[in-house]
>>> print(open('coords16.pdb').read())   # PDB, C-alpha atoms and all ligand atoms
ATOM      1  CA  MET A   1       3.745 -24.752  -9.268
ATOM      2  CA  VAL A   2       5.547 -21.789  -7.673
ATOM      3  CA  SER A   3       3.685 -19.471  -5.276
ATOM      4  CA  GLU A   4       4.201 -16.041  -3.768
ATOM      5  CA  ILE A   5       2.304 -14.032  -1.162
ATOM      6  CA  ALA A   6       1.697 -10.365  -2.040
ATOM      7  CA  HIS A   7       1.112  -8.314   1.112
ATOM      8  CA  ALA A   8      -0.782  -5.049   1.282
ATOM      9  CA  LYS A   9       0.834  -1.900   2.716
ATOM     10  CA  LEU A  10      -0.202   1.005   4.867
ATOM     11  CA  ASN A  11       1.237   4.486   4.600
ATOM     12  CA  LEU A  12       1.540   5.044   8.354
ATOM     13  CA  SER A  13       2.450   8.611   7.431
ATOM     14  CA  LEU A  14       2.422  10.399   4.090
ATOM     15  CA  ALA A  15       3.500  13.912   3.174
ATOM     16  CA  VAL A  16       3.456  15.192  -0.387
ATOM     17  CA  THR A  17       6.001  17.974  -0.678
ATOM     18  CA  GLY A  18       5.659  19.191  -4.257
ATOM     19  CA  ARG A  19       4.959  18.543  -7.904
ATOM     20  CA  ARG A  20       7.770  17.499 -10.237
ATOM     21  CA  GLU A  21       8.440  18.406 -13.845
ATOM     22  CA  ASP A  22       7.531  14.851 -14.912
ATOM     23  CA  GLY A  23       4.023  15.234 -13.432
ATOM     24  CA  PHE A  24       4.701  12.984 -10.438
ATOM     25  CA  HIS A  25       4.807  14.246  -6.866
ATOM     26  CA  GLU A  26       7.616  14.180  -4.313
ATOM     27  CA  LEU A  27       6.657  12.408  -1.147
ATOM     28  CA  VAL A  28       7.961  11.270   2.219
ATOM     29  CA  SER A  29       6.128   8.286   3.676
ATOM     30  CA  LEU A  30       6.561   5.707   6.408
ATOM     31  CA  VAL A  31       5.385   2.473   4.813
ATOM     32  CA  HIS A  32       4.705  -0.879   6.439
ATOM     33  CA  ALA A  33       3.395  -4.183   5.080
ATOM     34  CA  ILE A  34       0.336  -5.773   6.695
ATOM     35  CA  ALA A  35      -0.699  -9.413   7.016
ATOM     36  CA  LEU A  36      -3.549  -8.989   4.511
ATOM     37  CA  ALA A  37      -2.298 -10.449   1.220
ATOM     38  CA  ASP A  38      -3.118 -11.664  -2.273
ATOM     39  CA  GLU A  39      -1.880 -15.078  -3.361
ATOM     40  CA  LEU A  40      -0.154 -15.688  -6.665
ATOM     41  CA  ASP A  41       0.546 -19.124  -8.192
ATOM     42  CA  PHE A  42       2.508 -19.770 -11.362
ATOM     43  CA  GLU A  43       2.030 -22.800 -13.577
ATOM     44  CA  PRO A  44       4.818 -22.949 -16.169
ATOM     45  CA  GLY A  45       3.874 -23.807 -19.771
ATOM     46  CA  GLY A  46       2.416 -21.852 -22.682
ATOM     47  CA  PRO A  47       2.501 -18.081 -23.092
ATOM     48  CA  PHE A  48       1.985 -15.641 -20.184
ATOM     49  CA  ARG A  49      -1.678 -15.680 -19.086
ATOM     50  CA  LEU A  50      -3.526 -14.463 -16.016
ATOM     51  CA  ILE A  51      -6.547 -16.022 -14.296
ATOM     52  CA  CYS A  52      -8.016 -14.012 -11.426
ATOM     53  CA  ASP A  53     -10.821 -14.878  -9.000
ATOM     54  CA  ASP A  54     -11.952 -11.223  -8.975
ATOM     55  CA  LYS A  55     -13.873 -10.918 -12.226
ATOM     56  CA  THR A  56     -14.023  -7.107 -11.993
ATOM     57  CA  LEU A  57     -10.269  -6.873 -12.672
ATOM     58  CA  PRO A  58      -8.754  -6.923 -16.170
ATOM     59  CA  THR A  59      -6.637  -9.973 -16.959
ATOM     60  CA  ASP A  60      -4.993  -8.562 -20.078
ATOM     61  CA  GLU A  61      -1.665  -6.721 -20.277
ATOM     62  CA  THR A  62      -3.091  -3.751 -18.369
ATOM     63  CA  ASN A  63      -3.015  -5.920 -15.226
ATOM     64  CA  LEU A  64       0.231  -5.251 -13.360
ATOM     65  CA  VAL A  65       0.942  -8.999 -13.039
ATOM     66  CA  LEU A  66       1.312  -9.364 -16.798
ATOM     67  CA  ARG A  67       3.064  -6.001 -17.102
ATOM     68  CA  ALA A  68       5.622  -7.187 -14.551
ATOM     69  CA  ALA A  69       6.017 -10.568 -16.272
ATOM     70  CA  LEU A  70       6.685  -8.856 -19.613
ATOM     71  CA  ALA A  71       9.139  -6.411 -18.013
ATOM     72  CA  TYR A  72      10.983  -9.358 -16.467
ATOM     73  CA  GLN A  73      11.033 -11.257 -19.759
ATOM     74  CA  LYS A  74      12.484  -8.217 -21.501
ATOM     75  CA  GLN A  75      15.495  -8.326 -19.199
ATOM     76  CA  VAL A  76      15.647 -12.143 -18.893
ATOM     77  CA  PRO A  77      14.462 -13.445 -22.306
ATOM     78  CA  PHE A  78      14.930 -17.135 -21.358
ATOM     79  CA  CYS A  79      12.708 -16.911 -18.230
ATOM     80  CA  PRO A  80       9.865 -19.440 -18.014
ATOM     81  CA  THR A  81       6.423 -18.395 -19.275
ATOM     82  CA  GLY A  82       3.043 -19.758 -18.193
ATOM     83  CA  THR A  83      -0.208 -19.076 -16.362
ATOM     84  CA  PHE A  84      -0.550 -16.933 -13.226
ATOM     85  CA  HIS A  85      -3.450 -17.626 -10.852
ATOM     86  CA  LEU A  86      -4.238 -14.618  -8.682
ATOM     87  CA  ARG A  87      -6.468 -14.806  -5.587
ATOM     88  CA  LYS A  88      -7.377 -11.250  -4.638
ATOM     89  CA  ARG A  89      -7.887 -10.320  -0.986
ATOM     90  CA  ILE A  90      -6.654  -6.716  -1.188
ATOM     91  CA  PRO A  91      -9.345  -4.331  -2.441
ATOM     92  CA  SER A  92      -8.472  -2.108  -5.424
ATOM     93  CA  GLY A  93      -8.534   1.691  -5.425
ATOM     94  CA  ALA A  94      -7.905   1.548  -1.697
ATOM     95  CA  GLY A  95      -4.367   2.932  -1.243
ATOM     96  CA  LEU A  96      -3.246  -0.492  -0.022
ATOM     97  CA  GLY A  97      -0.884  -1.087  -2.966
ATOM     98  CA  GLY A  98      -2.558  -4.324  -4.091
ATOM     99  CA  GLY A  99      -1.697  -4.029  -7.787
ATOM    100  CA  SER A 100       1.909  -3.015  -7.104
ATOM    101  CA  SER A 101       2.294  -5.839  -4.619
ATOM    102  CA  ASP A 102       1.008  -8.364  -7.162
ATOM    103  CA  ALA A 103       3.529  -6.989  -9.685
ATOM    104  CA  ALA A 104       6.404  -7.291  -7.197
ATOM    105  CA  ALA A 105       5.311 -10.843  -6.319
ATOM    106  CA  THR A 106       5.393 -11.662 -10.050
ATOM    107  CA  LEU A 107       8.971 -10.400 -10.318
ATOM    108  CA  ARG A 108      10.051 -12.391  -7.220
ATOM    109  CA  LEU A 109       8.312 -15.472  -8.505
ATOM    110  CA  LEU A 110       9.902 -15.398 -11.967
ATOM    111  CA  ASN A 111      13.237 -14.575 -10.380
ATOM    112  CA  ARG A 112      13.003 -17.749  -8.280
ATOM    113  CA  SER A 113      12.436 -19.759 -11.445
ATOM    114  CA  ILE A 114      15.786 -19.074 -13.096
ATOM    115  CA  PRO A 115      19.190 -20.577 -12.224
ATOM    116  CA  GLN A 116      20.932 -17.237 -11.615
ATOM    117  CA  PRO A 117      18.411 -14.856 -10.092
ATOM    118  CA  LEU A 118      18.768 -11.082 -10.442
ATOM    119  CA  SER A 119      19.687  -9.076  -7.335
ATOM    120  CA  GLU A 120      17.006  -7.405  -5.176
ATOM    121  CA  ASP A 121      18.309  -4.008  -6.340
ATOM    122  CA  ASN A 122      17.857  -5.065  -9.940
ATOM    123  CA  LEU A 123      14.294  -6.212  -9.201
ATOM    124  CA  ARG A 124      13.582  -2.897  -7.445
ATOM    125  CA  SER A 125      14.745  -0.916 -10.508
ATOM    126  CA  MET A 126      12.501  -3.045 -12.684
ATOM    127  CA  ALA A 127       9.619  -2.546 -10.225
ATOM    128  CA  ALA A 128      10.050   1.243 -10.412
ATOM    129  CA  THR A 129       9.130   1.104 -14.106
ATOM    130  CA  ILE A 130       5.809  -0.531 -13.158
ATOM    131  CA  GLY A 131       4.589   1.714 -10.333
ATOM    132  CA  SER A 132       5.925   4.295  -7.893
ATOM    133  CA  ASP A 133       5.328   2.161  -4.805
ATOM    134  CA  CYS A 134       6.191  -1.135  -6.495
ATOM    135  CA  PRO A 135       9.887  -1.224  -5.358
ATOM    136  CA  PHE A 136       8.773  -1.309  -1.701
ATOM    137  CA  PHE A 137       7.031  -4.640  -2.277
ATOM    138  CA  ILE A 138      10.172  -6.425  -3.513
ATOM    139  CA  SER A 139      11.320  -6.930   0.094
ATOM    140  CA  GLU A 140       8.216  -5.619   1.929
ATOM    141  CA  ARG A 141      10.497  -4.317   4.711
ATOM    142  CA  ALA A 142       9.241  -1.299   6.682
ATOM    143  CA  ALA A 143      10.761   1.769   5.051
ATOM    144  CA  ILE A 144      10.764   5.494   4.527
ATOM    145  CA  MET A 145       9.751   6.105   0.946
ATOM    146  CA  ARG A 146      10.979   9.221  -0.827
ATOM    147  CA  GLY A 147      11.178  10.608  -4.371
ATOM    148  CA  ARG A 148       8.047   9.512  -6.203
ATOM    149  CA  GLY A 149       8.046   6.420  -3.981
ATOM    150  CA  GLU A 150      10.960   4.503  -5.459
ATOM    151  CA  ARG A 151      13.678   5.692  -3.038
ATOM    152  CA  LEU A 152      13.630   3.488   0.058
ATOM    153  CA  ASN A 153      15.437   3.621   3.374
ATOM    154  CA  GLU A 154      15.038   1.050   6.089
ATOM    155  CA  ILE A 155      13.888   2.384   9.444
ATOM    156  CA  PRO A 156      16.035   2.092  12.594
ATOM    157  CA  LYS A 157      15.625  -1.117  14.642
ATOM    158  CA  VAL A 158      14.165   0.700  17.643
ATOM    159  CA  SER A 159      11.278   2.140  15.620
ATOM    160  CA  ALA A 160      10.795  -1.095  13.634
ATOM    161  CA  GLN A 161      10.447  -2.989  16.920
ATOM    162  CA  THR A 162       7.677  -0.732  18.234
ATOM    163  CA  LEU A 163       5.689  -1.462  15.070
ATOM    164  CA  GLN A 164       6.234  -5.200  14.937
ATOM    165  CA  ARG A 165       2.969  -7.145  14.622
ATOM    166  CA  ARG A 166       0.919  -4.197  15.913
ATOM    167  CA  ARG A 167      -2.798  -4.684  15.465
ATOM    168  CA  VAL A 168      -4.465  -2.438  12.892
ATOM    169  CA  LEU A 169      -8.023  -2.096  11.651
ATOM    170  CA  VAL A 170      -8.467  -1.278   7.974
ATOM    171  CA  VAL A 171     -11.774  -0.144   6.524
ATOM    172  CA  LYS A 172     -12.876   0.857   3.039
ATOM    173  CA  PRO A 173     -16.175   2.313   1.832
ATOM    174  CA  ALA A 174     -17.850   0.811  -1.243
ATOM    175  CA  PHE A 175     -16.245   3.457  -3.486
ATOM    176  CA  ALA A 176     -12.641   3.427  -4.707
ATOM    177  CA  ILE A 177     -10.366   6.408  -5.369
ATOM    178  CA  SER A 178      -7.867   6.379  -8.222
ATOM    179  CA  THR A 179      -4.329   7.480  -7.404
ATOM    180  CA  PRO A 180      -4.101  10.049 -10.259
ATOM    181  CA  GLU A 181      -7.360  11.584  -9.090
ATOM    182  CA  ALA A 182      -6.156  11.978  -5.496
ATOM    183  CA  TYR A 183      -2.890  13.617  -6.637
ATOM    184  CA  GLY A 184      -4.858  15.751  -9.094
ATOM    185  CA  LEU A 185      -7.083  17.034  -6.271
ATOM    186  CA  LEU A 186      -3.997  17.922  -4.246
ATOM    187  CA  ALA A 187      -2.380  19.672  -7.234
ATOM    188  CA  GLN A 188      -5.546  21.777  -7.665
ATOM    189  CA  SER A 189      -5.389  22.840  -4.032
ATOM    190  CA  GLY A 190      -1.629  23.506  -4.297
ATOM    191  CA  ARG A 191      -1.232  22.712  -0.603
ATOM    192  CA  TYR A 192       2.070  20.932  -0.307
ATOM    193  CA  ALA A 193       3.870  20.037   2.890
ATOM    194  CA  VAL A 194       7.207  21.701   3.699
ATOM    195  CA  SER A 195       9.897  19.077   3.200
ATOM    196  CA  ALA A 196      12.169  20.242   6.063
ATOM    197  CA  ASP A 197       9.282  20.193   8.572
ATOM    198  CA  VAL A 198       8.166  16.742   7.455
ATOM    199  CA  GLU A 199      11.686  15.328   7.706
ATOM    200  CA  GLN A 200      12.134  16.835  11.151
ATOM    201  CA  SER A 201       8.946  15.384  12.640
ATOM    202  CA  LEU A 202       9.607  12.016  11.035
ATOM    203  CA  GLN A 203      13.179  11.926  12.371
ATOM    204  CA  SER A 204      11.926  12.818  15.873
ATOM    205  CA  TRP A 205       9.497   9.911  15.768
ATOM    206  CA  LEU A 206      12.100   7.491  14.380
ATOM    207  CA  GLN A 207      14.492   8.375  17.205
ATOM    208  CA  LYS A 208      11.835   8.342  19.912
ATOM    209  CA  PRO A 209       8.920   6.211  18.751
ATOM    210  CA  ASN A 210       6.849   6.626  21.919
ATOM    211  CA  ARG A 211       3.460   6.888  20.169
ATOM    212  CA  ASP A 212       1.738   5.585  17.051
ATOM    213  CA  PRO A 213       3.267   7.184  13.936
ATOM    214  CA  SER A 214      -0.161   7.806  12.368
ATOM    215  CA  PHE A 215      -0.263  11.147  14.219
ATOM    216  CA  LEU A 216       2.253  12.319  11.567
ATOM    217  CA  GLY A 217      -0.730  12.391   9.209
ATOM    218  CA  ASN A 218      -1.429  12.094   5.518
ATOM    219  CA  THR A 219      -1.337  15.361   3.569
ATOM    220  CA  LEU A 220      -3.424  13.905   0.739
ATOM    221  CA  GLU A 221      -6.362  13.718   3.152
ATOM    222  CA  ALA A 222      -7.451  17.373   3.042
ATOM    223  CA  ALA A 223      -7.852  17.485  -0.750
ATOM    224  CA  VAL A 224      -9.444  14.017  -0.982
ATOM    225  CA  PHE A 225     -11.768  14.600   2.006
ATOM    226  CA  ARG A 226     -13.102  17.817   0.450
ATOM    227  CA  LYS A 227     -14.510  15.799  -2.470
ATOM    228  CA  TYR A 228     -15.285  12.513  -0.731
ATOM    229  CA  ILE A 229     -17.019  13.921   2.339
ATOM    230  CA  ALA A 230     -18.302  10.496   3.398
ATOM    231  CA  LEU A 231     -14.725   9.824   4.559
ATOM    232  CA  PRO A 232     -14.213  12.655   7.102
ATOM    233  CA  THR A 233     -17.866  12.499   8.177
ATOM    234  CA  ALA A 234     -17.565   8.853   9.209
ATOM    235  CA  LEU A 235     -14.038   9.181  10.604
ATOM    236  CA  ASP A 236     -15.144  12.061  12.855
ATOM    237  CA  LYS A 237     -18.136  10.055  14.096
ATOM    238  CA  VAL A 238     -16.009   6.976  14.835
ATOM    239  CA  SER A 239     -13.505   9.128  16.692
ATOM    240  CA  TYR A 240     -16.251  10.888  18.677
ATOM    241  CA  ARG A 241     -18.328   7.801  19.505
ATOM    242  CA  LEU A 242     -15.613   5.160  19.977
ATOM    243  CA  GLY A 243     -12.432   7.189  20.499
ATOM    244  CA  VAL A 244     -10.613   5.467  17.608
ATOM    245  CA  THR A 245      -8.690   7.696  15.195
ATOM    246  CA  PHE A 246      -8.617   6.487  11.598
ATOM    247  CA  ARG A 247      -6.323   7.949   8.921
ATOM    248  CA  MET A 248      -6.385   7.476   5.178
ATOM    249  CA  THR A 249      -3.704   5.195   3.710
ATOM    250  CA  GLY A 250      -1.987   6.455   0.536
ATOM    251  CA  SER A 251      -4.484   7.975  -1.864
ATOM    252  CA  GLY A 252      -7.470   6.223  -0.224
ATOM    253  CA  SER A 253     -10.179   5.249  -0.041
ATOM    254  CA  ALA A 254      -9.147   2.795   2.721
ATOM    255  CA  CYS A 255      -8.451   4.134   6.205
ATOM    256  CA  PHE A 256      -6.685   2.513   9.140
ATOM    257  CA  ALA A 257      -6.270   2.808  12.887
ATOM    258  CA  PHE A 258      -3.955   1.222  15.425
ATOM    259  CA  TYR A 259      -6.099  -0.819  17.822
ATOM    260  CA  PRO A 260      -5.402  -2.331  21.253
ATOM    261  CA  GLU A 261      -4.794  -6.087  21.544
ATOM    262  CA  GLY A 262      -7.525  -8.078  23.225
ATOM    263  CA  GLU A 263     -10.334  -5.638  22.500
ATOM    264  CA  THR A 264     -13.151  -6.634  20.180
ATOM    265  CA  SER A 265     -13.401  -4.647  16.940
ATOM    266  CA  SER A 266     -17.028  -5.551  16.189
ATOM    267  CA  GLU A 267     -18.366  -2.206  17.445
ATOM    268  CA  VAL A 268     -16.036  -0.352  15.072
ATOM    269  CA  GLU A 269     -17.111  -2.512  12.146
ATOM    270  CA  SER A 270     -20.822  -2.078  12.976
ATOM    271  CA  LEU A 271     -20.500   1.681  13.220
ATOM    272  CA  PHE A 272     -18.794   1.925   9.813
ATOM    273  CA  LYS A 273     -21.554  -0.277   8.346
ATOM    274  CA  GLU A 274     -24.170   1.992   9.888
ATOM    275  CA  LEU A 275     -22.427   5.043   8.380
ATOM    276  CA  TRP A 276     -21.324   3.741   4.984
ATOM    277  CA  GLY A 277     -23.743   0.870   4.389
ATOM    278  CA  SER A 278     -23.399  -2.903   4.328
ATOM    279  CA  ARG A 279     -20.887  -2.936   1.438
ATOM    280  CA  VAL A 280     -18.147  -1.669   3.724
ATOM    281  CA  TRP A 281     -14.995  -3.782   3.591
ATOM    282  CA  PHE A 282     -13.458  -4.292   7.031
ATOM    283  CA  CYS A 283     -10.237  -6.052   8.047
ATOM    284  CA  ASP A 284      -8.875  -6.666  11.543
ATOM    285  CA  THR A 285      -5.223  -7.439  10.868
ATOM    286  CA  GLN A 286      -1.657  -6.650  11.955
ATOM    287  CA  LEU A 287       1.533  -5.096  10.688
ATOM    288  CA  PHE A 288       3.680  -7.694   8.950
ATOM    289  CA  GLY A 289       7.438  -8.233   8.845
TER     290      GLY A 289
HETATM  291  O1  LIG A 301       3.325   5.260 -10.198
HETATM  292  P1  LIG A 301       1.869   4.984 -10.260
HETATM  293  O2  LIG A 301       1.462   4.261 -11.508
HETATM  294  O3  LIG A 301       1.333   4.321  -9.029
HETATM  295  O4  LIG A 301       1.175   6.394 -10.299
HETATM  296  C1  LIG A 301      -0.143   6.565 -10.729
HETATM  297  C2  LIG A 301      -0.398   8.043 -10.833
HETATM  298  O5  LIG A 301      -0.452   8.645  -9.526
HETATM  299  C3  LIG A 301       0.629   8.854 -11.586
HETATM  300  O6  LIG A 301       0.374   8.851 -12.951
HETATM  301  C4  LIG A 301       0.460  10.229 -10.980
HETATM  302  O7  LIG A 301      -0.687  10.863 -11.510
HETATM  303  C5  LIG A 301       0.136   9.927  -9.532
HETATM  304  N1  LIG A 301       1.357   9.916  -8.687
HETATM  305  C6  LIG A 301       1.989  11.111  -8.432
HETATM  306  N2  LIG A 301       3.103  11.125  -7.642
HETATM  307  C7  LIG A 301       3.573   9.980  -7.096
HETATM  308  C8  LIG A 301       2.925   8.764  -7.340
HETATM  309  C9  LIG A 301       1.810   8.754  -8.147
HETATM  310  O8  LIG A 301       1.575  12.178  -8.891
HETATM  311  N3  LIG A 301       4.641  10.038  -6.329
END
>>> encode(input="coords16.pdb", output="structure tokens")
Amino acid sequence: MVSEIAHAKLNLSLAVTGRREDGFHELVSLVHAIALADELDFEPGGPFRLICDDKTLPTDETNLVLRAALAYQKQVPFCPTGTFHLRKRIPSGAGLGGGSSDAAATLRLLNRSIPQPLSEDNLRSMAATIGSDCPFFISERAAIMRGRGERLNEIPKVSAQTLQRRRVLVVKPAFAISTPEAYGLLAQSGRYAVSADVEQSLQSWLQKPNRDPSFLGNTLEAAVFRKYIALPTALDKVSYRLGVTFRMTGSGSACFAFYPEGETSSEVESLFKELWGSRVWFCDTQLFG
């Protein structure tokens, strides 16, 4: 049995700067892994198969685990085949990259099972064919994501250090938001960020990271919040009543906030449950890596 851990991510900042000819959007995002993770085991033998503890998820070839396994097999025909066991902890439709992370974990796992593994760069190229944010999860190192998400640059040590193991609260209402829908809502509004401005504020933070980077914002929020008004309504109340500022991660519907060490988060959780109902998903975790 071979195992891999598939961490979730947060877009600590996200700016969408325009629509491309291929239908995707150009973005600039500061991305960081968090400790919250799915677990993937691989039992060699028989054809590729997926067993998942979350029965709401498909386990056929539309699941990114099997898509990744087939993409890997295409490039490495002699790779071992067998059954994947996936334990889901990362909610779907949350903007936490769960599916992409599972796919990247699949590629890493199969790559560990052959005598001459492919390079990380090779795995990242393969990951880019599976999902825009999938290449990030190959190494899970904090990065600036550009292009449609596949171009990655590591962040300077000084800014990486200020983020290390920082405590974050992540919360998700009972509803999910699909990535194409969120980008579609933004495209309808036509409100794109100006690339030069985004790069300038990001560079200033990277050079002098003296506050939490979430102030840089997420430009998908405005369009998504206009439709899903439960999000801004609750976030405003939490900010007003408890002084904690939550931002949306990626295309939502999960939101996150940096939170001080040593303080209890139960009040924050209770307030979200009061506002969104008992099916709220809440996670008190930390940045990883
Ligand atoms: O690459 P991924 O499969 O995650 O993208 C899902 C959808 O999200 C795309 O089909 C597209 O509608 C939207 N998207 C986008 N621009 C990006 C990433 C995703 O428009 N950079």
>>> residues_near_ligand(input="coords16.pdb", ligand="ligand LIG 301 (chain A)", cutoff="9 Å", atoms="only C-alpha atoms and all ligand atoms", output="NGL selection string")
:A and (16 or 19-20 or 22-27 or 97 or 99-100 or 128-134 or 146-150 or 178-184 or 187 or 251)
>>> atom_distance(input="coords16.pdb", atom1="CA of Val280 in chain A", atom2="CA of Ala104 in chain A")
27.5 Å
>>> residues_around(input="coords16.pdb", residues="range 227-244 of chain A", least_positions_apart="5", cutoff="8 Å", atoms="all atoms listed in the file", output="PDB file with C-alpha atoms, in the frame of the given file")
ATOM      1  CA  SER A 253     -10.179   5.249  -0.041  1.00  0.00           C
ATOM      2  CA  ALA A 257      -6.270   2.808  12.887  1.00  0.00           C
ATOM      3  CA  TYR A 259      -6.099  -0.819  17.822  1.00  0.00           C
ATOM      4  CA  VAL A 268     -16.036  -0.352  15.072  1.00  0.00           C
ATOM      5  CA  LEU A 271     -20.500   1.681  13.220  1.00  0.00           C
ATOM      6  CA  PHE A 272     -18.794   1.925   9.813  1.00  0.00           C
ATOM      7  CA  LEU A 275     -22.427   5.043   8.380  1.00  0.00           C
ATOM      8  CA  TRP A 276     -21.324   3.741   4.984  1.00  0.00           C
TER       9      TRP A 276
END
>>> resolve_selection(input="coords16.pdb", expression="the PyMOL selection byres (((chain A and resi 76) around 10) and not hetatm)", output="list of chain:residue names")
A:Leu70, A:Ala71, A:Tyr72, A:Gln73, A:Lys74, A:Gln75, A:Pro77, A:Phe78, A:Cys79, A:Pro80, A:Leu110, A:Asn111, A:Ile114, A:Pro117, A:Leu118
>>> write_last_selection(input="coords16.pdb", atoms="C-alpha atoms", output="mmCIF file, in the frame of the given file")
data_model
loop_
_atom_site.group_PDB
_atom_site.id
_atom_site.type_symbol
_atom_site.label_atom_id
_atom_site.label_comp_id
_atom_site.auth_asym_id
_atom_site.auth_seq_id
_atom_site.Cartn_x
_atom_site.Cartn_y
_atom_site.Cartn_z
ATOM 1 C CA LEU A 70 6.685 -8.856 -19.613
ATOM 2 C CA ALA A 71 9.139 -6.411 -18.013
ATOM 3 C CA TYR A 72 10.983 -9.358 -16.467
ATOM 4 C CA GLN A 73 11.033 -11.257 -19.759
ATOM 5 C CA LYS A 74 12.484 -8.217 -21.501
ATOM 6 C CA GLN A 75 15.495 -8.326 -19.199
ATOM 7 C CA PRO A 77 14.462 -13.445 -22.306
ATOM 8 C CA PHE A 78 14.930 -17.135 -21.358
ATOM 9 C CA CYS A 79 12.708 -16.911 -18.230
ATOM 10 C CA PRO A 80 9.865 -19.440 -18.014
ATOM 11 C CA LEU A 110 9.902 -15.398 -11.967
ATOM 12 C CA ASN A 111 13.237 -14.575 -10.380
ATOM 13 C CA ILE A 114 15.786 -19.074 -13.096
ATOM 14 C CA PRO A 117 18.411 -14.856 -10.092
ATOM 15 C CA LEU A 118 18.768 -11.082 -10.442
#
>>> closest_atom_pairs(input="coords16.pdb", of="range 171-211 of chain A", to="range 156-163 of chain A", cutoff="9 Å", atoms="all atoms listed in the file", output="CSV")
residue,atom,partner,partner_atom,distance
A:Trp205,CA,A:Ser159,CA,8.0
A:Leu206,CA,A:Ser159,CA,5.6
A:Gln207,CA,A:Ser159,CA,7.2
A:Lys208,CA,A:Ser159,CA,7.6
A:Pro209,CA,A:Ser159,CA,5.7
A:Asn210,CA,A:Thr162,CA,8.3
A:Arg211,CA,A:Thr162,CA,8.9
>>> atom_distance(input="coords16.pdb", atom1="CA of Phe225 in chain A", atom2="CA of Ala8 in chain A")
22.5 Å
>>> resolve_selection(input="coords16.pdb", expression="the PyMOL selection byres (((chain A and resi 137) around 8) and not hetatm)", output="PyMOL selection string")
chain A and resi 6-7+100-101+104-105+133-136+138-141
>>> atom_distance(input="coords16.pdb", atom1="CA of Asn11 in chain A", atom2="CA of Phe258 in chain A")
12.4 Å
>>> closest_residue(input="coords16.pdb", among="A:Ser278, A:Gln116, A:Asn122, A:Thr285", to="Pro260 in chain A", atoms="only C-alpha atoms")
A:Thr285
>>> closest_atom_pairs(input="coords16.pdb", of="range 155-269 of chain A", to="range 36-43 of chain A", cutoff="12 Å", atoms="all atoms listed in the file", output="JSON lines")
{"residue": "A:Arg167", "atom": "CA", "partner": "A:Leu36", "partner_atom": "CA", "distance": 11.8}
{"residue": "A:Val168", "atom": "CA", "partner": "A:Leu36", "partner_atom": "CA", "distance": 10.7}
{"residue": "A:Leu169", "atom": "CA", "partner": "A:Leu36", "partner_atom": "CA", "distance": 10.9}
{"residue": "A:Val170", "atom": "CA", "partner": "A:Leu36", "partner_atom": "CA", "distance": 9.8}
>>> residues_around(input="coords16.pdb", residues="Leu109 in chain A", least_positions_apart="2", cutoff="8 Å", atoms="all atoms listed in the file", output="ChimeraX atom specification")
/A:2-4,42,105-107,111-113
>>> resolve_selection(input="coords16.pdb", expression="the PyMOL selection byres (((chain A and resi 81) around 8) and not hetatm)", output="VMD selection string")
chain A and resid 44 to 48 79 to 80 82 to 83
>>> axis_aligned_box(input="coords16.pdb", around="range 155-168 of chain A", padding_each_side="4 Å", output="lines of an AutoDock Vina configuration file")
center_x = 5.8
center_y = -2.4
center_z = 13.8
size_x = 28.5
size_y = 17.5
size_z = 16.8
>>> closest_residue(input="coords16.pdb", among="A:Arg279, A:Lys172, A:Leu185, A:Tyr192", to="Gly93 in chain A", atoms="all atoms listed in the file")
A:Lys172
>>> closest_residue(input="coords16.pdb", among="A:Asp102, A:Phe246, A:Gln203, A:Leu186", to="Ile5 in chain A", atoms="only C-alpha atoms")
A:Asp102
